[in-house]
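**Q** What follows is a single structure, and I will ask about it in a moment.
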Amino acid sequence: MRISKRLGITLAVLALSFAGNAAWPEPELGSVALHQALLDLGTDLRLMCVAAHPDDEDSATLALYRKKYGYKTFALIGTRGEGGQNEIGPELYEELGVIRTHEMLRASAITGADLHFLDMPEFGYSKSREEAFAVWGREETLRRMVRKIRELRPDVIITHHGPQGGHGHHQAIGKTLEDAFDVASDPNAFPEQIVEGLQPWQPARLYLIVRGGGGDDLAKIVSNELDPARGYTYSAIAGQALREHESQGMGFFVGRFTSGRRSSRAYRLVKEANRPDMAARGGLASPGGDLFENIPDRVDKAARKISLGGAGQADLKSKVFKLLKKHDGAMNNDWARANDLAAKLIELRLDLRLSDKEIVAGQRLTVSAQLADFGEPDVEGGVVLLTASPWVDVEDSGVKVEGFDSGKASAELAVTIPSTLEPTIPHPEKLFSAHFLEPQFTLTARVRVGEMFVEVSKLVLFDVAPAVSVEFADSPYLIREGVGGETRFELLVTNHSTGPQEVSIAVAGAEGLGLEDGNVTVSLDKEGAQKLVPVNAVIAENLAARDYSLTARVDGLDAVAEGTARVVDLSVPENIRVGVIESYDTTFMTTLERFDVPHKAIQIGDFTPEALDSFTTIIVDIRAYLVRQDLVANNQALLDYVSRGGTVIVMYHKTYEWKPSFAPYPITVSRNRVTVEEAPINLLVPDHRLFNAPNKIVDADWDGWIQERGLYFPNKWDDAYTALIDVADPGENPEPGSLLIAEYGKGTYVYTALGWYRQLRELHPGTVRVFANMLAL
C-alpha cells in the first residue's frame, strides 16, 4: 500500500499562467466573460460539490449553477487519484496523481468551479469505509473536511457519495461530509483552525444524489438547456469537462451528456440547518424544488439593474462605476464582483510572460506584463504590482504605467527567487508537498478610469528547480542471485540553470556491488541539457537475495539520488522469444529487457502465421482489447497461433471491453476484485508447472504485494480451463478466476486478472519468479 500524507491545499483555476504546461486552459473573454460577470453580480450564494476522486464530481450541476445563475461553485476532491488505473500511458502512483490533478484542473476550468483537494492518499479500490479510514484516519479526514468547509463557506453542498454502498473511499467521504456538516459550526471542534483565523461555518443544506429515483420530495436538476452565451447545453459543457479525464477513459461516457441522456438528476435532502440569512439572500428550495429558491427571479432582477439594453453602453458604464464607487475601499466580495464586472465592461486584459520555464533558487526572474484596453479608450494610467504568496519570502514590487499607446502598455518586474523556496520538480515527488501547483506570485494591474481604479490580476505559477538534478535511470535494477560479473547502472543528470554547468558526482554503493569509479565529472553545456552517465560495476557472485542501496550526490549542491539494486533468486528460461501486444503500458516490455530475454512489440502487420510463430510466447497486455483494434480484428490469428503450439498469456481486461469469444473457450469477466493485497493465495494445483519450473514458488513469493491482488476476475469459464489460484477478500468467496489455463490444440492459453503489472513495475521478487515461469510454459 503506497501512502503519502499532507494537509489539503487550494488550487485556483481560471487565472493560472503555468510556464510548464502549454495546454493550460485560457479564461473566458469578451461577451461571454461580461455575461458571466453580470450573473456573478446577482448573487453571493455558494455551491460546493464534494467527490472522492477526480472524475467523481457532478460537472453538469456545477456548470449549470455557475454559468446560468452566477453562483460561486467549488469542487472539493478527496484524493489525487494516484491509486487508479491509467488508460493513456504507463504512469502510476504519484506520476498518475500529477496527470489526474492536471485533468481535474482543466475540467474545473470548463465548469467554472474553483478546485480544492483534501489530499487523502488514494491506495486503490476499497470495499468499506472502515478500510479507507484505517489508512486515512477518521479524525484526520474529518479535520480536513471541516477546514475546507470553514475556508470556502458553502451555502449548499452536494455529493454523489453516501455513507453506505459502493467504493469504500466514496463511503468514507460521504460519512465524513455528513459529520462535518454539523461539526464545522462548532468553535470547539478543531480549535487550532480557529486560532489560525478560520471561523466556524454552518452550511444550510446537504444533498445526496438519487440514481434512477423519483418522487416529489427530491430536488430536480435539469441541465439539458442551452447556455445562450456559450452556445452549448449545460450537459454538453459537463461532457466537455468529463472528456478531460482522459487517463480514466471518460471520453467513453461523453455521448451520454451530449445526447441528453444525462440531462437531469435528482438530489435528496440529507441535512438542513437553520440559516435565517438565507431568506434575505434568496432562500432555500422547498422539498421538490431547486437547490435554491427562485433562482431565475433573483438573478434576472439583479442583472436588470445593470442591463445592456435601454440607455446603452455609456449608461451601463456609468451604473457599473457608481456601484464600484459604492464599494470602493471595502475590498470585500461586493467590491470584487463589481470590480470584475467593470474590468470586463471596459475590456481590460492582462497577460504575462516569464523569462524562464524553470527557475533556480537565486536566479533573477523577469515577469513581463502586457496590459490591453480594448474597445473605447478608458484607461488613463496606473501601476502593475507583483505580490508574493504568503509562503514566498520576497518583497512586493511595482512599476508605474503612465500611458497607453494604441490601447496597450507593458511593464517588466524582476525578482530574485529566494534560496528558501523549495523545488517543485520532479512533480511526482512533490505531489503532496505543502504548495503543489500553488502560484508563487500574483500579478495585478491597478489602472485609473476617471475617478475610480479598476484591478485585473493573473496568478503566476512556475517550476522551481535545483541547479542540477540527478537520478538513477530505471531503478530498481535486477541482479540474479549467483550471477556475478560486469554490469552498469546509469545516472540521468539534468542542467536546470541558465548557463553551462560542470559538476562532480560522488557515487556510492552497498558492499558487493563493486562500483569501479566512485566519482564522475559531468559537463552540461546549456539549460535543459541532459546526459546519461554510465556507472560501471562488478557484482560479487555471493550476494544474497535482498536490496542493495545506491546513492549519487552532486558536489556542492543539495542534489542527491537514491537507487536500488535488487538481487533475486531467479532462473530465466532459455531459448525463448516473446512477443508483446502492447496497450498503453510498458511494464512487460521493460521486464523482458531486464530479463535480457529476446522480445518484440507486435505491430499491426505482425498478425501473420510466419511472424507469430517466431515467438514462443505472446503476452496480451492489460486492456489491449480496448486500445488495439488490430488485435480485435486479428484475434482468430492469435488463437490459431495457440492451436499450432504457441503460448498466449492475456492480462486483465475490464468487463465492458472483453468478449467471451476472444478466448478459445468462453470466459466471462465480472467486476469481482480482491483489494486486500495481503489476502492469502491458495494454490489449487500446487504441482502445476507454473509453480515449479524453473522457479519453485513458495508462500513468501506472494508477500509484499502492492495495492491489490487483482481486479475484474472472471466468474464464468468453460470446463476446458483449470483454475490455478483461489484468492478472496476477508468474508468473501468469489469464483477462483484470477488465473485460468487451458490447452488449446498444441498450445497453451492463459487468462490472468492478477495485478502482475503493478508488481513487475516495482520488481517484486516473487512476481518476477512467477512471471519467469509463465514464460517457460
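We label chains A, B, ... in the order they appear in the C-alpha cells, count residues from 1 in each chain, and number ligands from 1 in the order shown.
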Just the residues within 12 Å of Gly485 in chain A, please, counting only C-alpha atoms, with nothing from its chain fewer than 3 positions along; format it as number ranges by chain.

**A** A: 479-482, 488, 512-515, 536-543

**Q** Near Leu348 in chain A, counting only C-alpha atoms, which residues have an atom at most 10 Å away, once you skip same-chain residues fewer than 4 positions from it, shown as a PyMOL selection string?

**A** chain A and resi 29-30+340+342-344+371-375+378-379+407-408+445+447+454-456

**Q** Could you save those same residues with N, CA, C and O atoms as a CSV table (one decimal), in the first residue's frame?

**A**
```csv
chain,number,residue,atom,x,y,z
A,29,LEU,N,-13.3,35.2,-22.4
A,29,LEU,CA,-13.1,36.6,-22.7
A,29,LEU,C,-14.3,37.2,-23.4
A,29,LEU,O,-15.3,36.4,-23.7
A,30,GLY,N,-14.3,38.5,-23.6
A,30,GLY,CA,-15.3,39.1,-24.4
A,30,GLY,C,-16.7,39.1,-23.8
A,30,GLY,O,-16.9,39.2,-22.6
A,340,ASP,N,-14.7,43.1,-11.0
A,340,ASP,CA,-14.6,42.2,-12.1
A,340,ASP,C,-15.6,42.6,-13.3
A,340,ASP,O,-15.2,42.5,-14.4
A,342,ALA,N,-16.6,45.7,-13.9
A,342,ALA,CA,-16.0,46.9,-14.5
A,342,ALA,C,-14.9,46.5,-15.5
A,342,ALA,O,-14.8,47.1,-16.6
A,343,ALA,N,-14.0,45.6,-15.1
A,343,ALA,CA,-12.9,45.2,-15.9
A,343,ALA,C,-13.3,44.5,-17.2
A,343,ALA,O,-12.8,44.8,-18.3
A,344,LYS,N,-14.4,43.7,-17.1
A,344,LYS,CA,-14.9,43.1,-18.3
A,344,LYS,C,-15.6,44.1,-19.2
A,344,LYS,O,-15.5,44.0,-20.4
A,371,LEU,N,-0.6,44.8,-20.9
A,371,LEU,CA,-1.9,45.3,-20.5
A,371,LEU,C,-2.6,45.9,-21.7
A,371,LEU,O,-2.0,46.7,-22.4
A,372,ALA,N,-3.8,45.5,-22.0
A,372,ALA,CA,-4.6,46.0,-23.1
A,372,ALA,C,-5.9,46.5,-22.7
A,372,ALA,O,-6.6,45.9,-21.9
A,373,ASP,N,-6.2,47.7,-23.3
A,373,ASP,CA,-7.6,48.3,-23.1
A,373,ASP,C,-8.3,48.3,-24.4
A,373,ASP,O,-8.1,49.2,-25.3
A,374,PHE,N,-9.0,47.2,-24.7
A,374,PHE,CA,-9.7,47.0,-26.0
A,374,PHE,C,-10.9,47.9,-26.1
A,374,PHE,O,-11.4,48.4,-25.0
A,375,GLY,N,-11.4,48.2,-27.3
A,375,GLY,CA,-12.6,49.0,-27.5
A,375,GLY,C,-12.3,50.4,-27.3
A,375,GLY,O,-11.2,50.9,-27.6
A,378,ASP,N,-10.4,53.8,-22.2
A,378,ASP,CA,-10.9,54.1,-20.9
A,378,ASP,C,-9.8,54.3,-19.9
A,378,ASP,O,-9.9,55.1,-19.0
A,379,VAL,N,-8.6,53.7,-20.1
A,379,VAL,CA,-7.6,53.7,-19.0
A,379,VAL,C,-6.7,54.9,-19.2
A,379,VAL,O,-6.2,55.2,-20.3
A,407,GLY,N,-3.9,51.8,-26.9
A,407,GLY,CA,-4.6,50.9,-26.0
A,407,GLY,C,-3.8,49.9,-25.4
A,407,GLY,O,-4.4,49.0,-24.8
A,408,LYS,N,-2.5,50.0,-25.5
A,408,LYS,CA,-1.7,48.9,-24.9
A,408,LYS,C,-0.5,49.5,-24.1
A,408,LYS,O,-0.1,50.6,-24.3
A,445,ALA,N,-2.7,44.5,-12.2
A,445,ALA,CA,-2.7,45.8,-12.8
A,445,ALA,C,-3.8,46.7,-12.2
A,445,ALA,O,-5.0,46.2,-12.2
A,447,VAL,N,-5.5,50.2,-12.6
A,447,VAL,CA,-5.5,51.3,-13.5
A,447,VAL,C,-6.6,52.3,-13.2
A,447,VAL,O,-7.6,52.0,-12.6
A,454,VAL,N,-9.6,50.4,-11.3
A,454,VAL,CA,-10.1,49.0,-11.6
A,454,VAL,C,-8.9,48.1,-11.6
A,454,VAL,O,-7.8,48.5,-12.1
A,455,GLU,N,-9.0,46.9,-11.1
A,455,GLU,CA,-7.9,46.0,-11.0
A,455,GLU,C,-8.2,44.7,-11.8
A,455,GLU,O,-9.4,44.3,-11.9
A,456,VAL,N,-7.2,44.2,-12.4
A,456,VAL,CA,-7.2,42.9,-13.0
A,456,VAL,C,-6.0,42.1,-12.7
A,456,VAL,O,-4.9,42.7,-12.6
```

**Q** Among range 541-614 of chain A, which residues does DSSP mark as strand (DSSP E or B) when it is run on the backbone? Keep the chain and numbering as in the structure and answer as a ChimeraX atom specification.

**A** /A:547-554,560-568,578-581,599-601

**Q** Counting only C-alpha atoms, figure out which residue out of A:Asp699, A:Asp585, A:Glu130, A:Glu140 gets nearest to Met651 in chain A.

**A**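 The shortest atom-to-atom distance to Met651 in chain A comes from A:Asp585.
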
**Q** Would you please extract all helix (DSSP H, G or I) residues from range 212-280 of chain A, as assigned by DSSP on the backbone, and give them as a list in words?

**A**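 Of range 212-280 of chain A, the ones in helix (DSSP H, G or I) are Tyr234, Ser235, Ala236, Ile237, Ala238, Gly239, Gln240, Ala241, Leu242, Arg243, Glu246, Ser247, Gln248, Met250, Gly251, Phe252, Phe253, Val254, Gly255, Arg256, Phe257, Thr258, Asp277, Met278, Ala279 and Ala280 of chain A.
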
**Q** Skipping near chain neighbours, those fewer than 3 positions away, what residues fall within 10 Å of Ala753 in chain A using only C-alpha atoms, listed as an MDAnalysis selection string?

**A** chainID A and resid 622 650:654 669 672:673 709:714 737:740 756

**Q** Can you write out the residues you just picked, keeping N, CA, C and O atoms, as a CSV table (one decimal), in the first residue's frame?

**A**
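The file below, again_27.csv, is the result:
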```
chain,number,residue,atom,x,y,z
A,622,ILE,N,-2.3,-5.5,-20.5
A,622,ILE,CA,-3.6,-5.2,-19.8
A,622,ILE,C,-4.4,-4.3,-20.8
A,622,ILE,O,-4.0,-3.4,-21.4
A,650,VAL,N,-2.9,-13.7,-21.5
A,650,VAL,CA,-3.7,-12.5,-21.6
A,650,VAL,C,-3.9,-11.9,-20.2
A,650,VAL,O,-4.3,-12.6,-19.2
A,651,MET,N,-3.5,-10.6,-20.0
A,651,MET,CA,-3.6,-9.9,-18.8
A,651,MET,C,-5.0,-9.3,-18.6
A,651,MET,O,-5.9,-9.4,-19.6
A,652,TYR,N,-5.3,-8.7,-17.5
A,652,TYR,CA,-6.7,-8.4,-17.1
A,652,TYR,C,-7.3,-7.4,-18.1
A,652,TYR,O,-6.7,-6.5,-18.7
A,653,HIS,N,-8.7,-7.5,-18.2
A,653,HIS,CA,-9.5,-6.5,-19.0
A,653,HIS,C,-10.7,-6.2,-18.2
A,653,HIS,O,-11.2,-7.0,-17.4
A,654,LYS,N,-11.3,-5.0,-18.5
A,654,LYS,CA,-12.5,-4.6,-17.8
A,654,LYS,C,-13.7,-5.4,-18.4
A,654,LYS,O,-13.6,-5.8,-19.6
A,669,VAL,N,-16.0,-12.1,-17.9
A,669,VAL,CA,-15.3,-11.3,-16.9
A,669,VAL,C,-16.3,-10.5,-16.1
A,669,VAL,O,-17.2,-9.9,-16.6
A,672,ASN,N,-15.6,-8.6,-10.1
A,672,ASN,CA,-15.0,-9.1,-8.9
A,672,ASN,C,-13.6,-8.7,-8.8
A,672,ASN,O,-12.8,-8.7,-9.8
A,673,ARG,N,-13.2,-8.3,-7.6
A,673,ARG,CA,-11.8,-8.0,-7.4
A,673,ARG,C,-11.4,-8.3,-5.9
A,673,ARG,O,-12.2,-8.5,-5.1
A,709,ARG,N,-4.6,-7.5,-5.0
A,709,ARG,CA,-4.2,-8.8,-5.6
A,709,ARG,C,-4.7,-8.8,-7.1
A,709,ARG,O,-3.9,-9.3,-7.9
A,710,GLY,N,-5.8,-8.2,-7.4
A,710,GLY,CA,-6.2,-8.2,-8.8
A,710,GLY,C,-7.7,-7.7,-8.9
A,710,GLY,O,-8.3,-7.4,-7.9
A,711,LEU,N,-8.1,-7.5,-10.2
A,711,LEU,CA,-9.4,-6.9,-10.4
A,711,LEU,C,-10.0,-7.5,-11.7
A,711,LEU,O,-9.3,-8.0,-12.6
A,712,TYR,N,-11.3,-7.4,-11.8
A,712,TYR,CA,-12.1,-7.8,-12.9
A,712,TYR,C,-11.8,-9.3,-13.1
A,712,TYR,O,-11.4,-9.8,-14.2
A,713,PHE,N,-12.1,-10.1,-12.1
A,713,PHE,CA,-11.8,-11.6,-12.2
A,713,PHE,C,-13.0,-12.2,-13.0
A,713,PHE,O,-14.1,-11.8,-12.9
A,714,PRO,N,-12.6,-13.2,-13.8
A,714,PRO,CA,-13.7,-14.0,-14.5
A,714,PRO,C,-14.5,-14.7,-13.4
A,714,PRO,O,-14.0,-15.1,-12.4
A,737,GLY,N,-11.3,-17.2,-10.3
A,737,GLY,CA,-11.0,-17.0,-11.8
A,737,GLY,C,-9.8,-16.1,-12.0
A,737,GLY,O,-9.6,-15.6,-13.1
A,738,SER,N,-8.9,-15.9,-11.0
A,738,SER,CA,-7.8,-15.0,-11.1
A,738,SER,C,-6.7,-15.5,-12.1
A,738,SER,O,-6.0,-14.7,-12.6
A,739,LEU,N,-6.6,-16.8,-12.2
A,739,LEU,CA,-5.6,-17.4,-13.1
A,739,LEU,C,-6.1,-18.7,-13.7
A,739,LEU,O,-6.3,-19.7,-13.0
A,740,LEU,N,-6.5,-18.6,-15.0
A,740,LEU,CA,-7.1,-19.7,-15.7
A,740,LEU,C,-6.1,-20.2,-16.8
A,740,LEU,O,-5.5,-19.4,-17.5
A,756,TRP,N,-0.3,-8.4,-12.0
A,756,TRP,CA,1.1,-8.6,-12.2
A,756,TRP,C,1.8,-7.3,-12.6
A,756,TRP,O,3.0,-7.1,-12.2
```
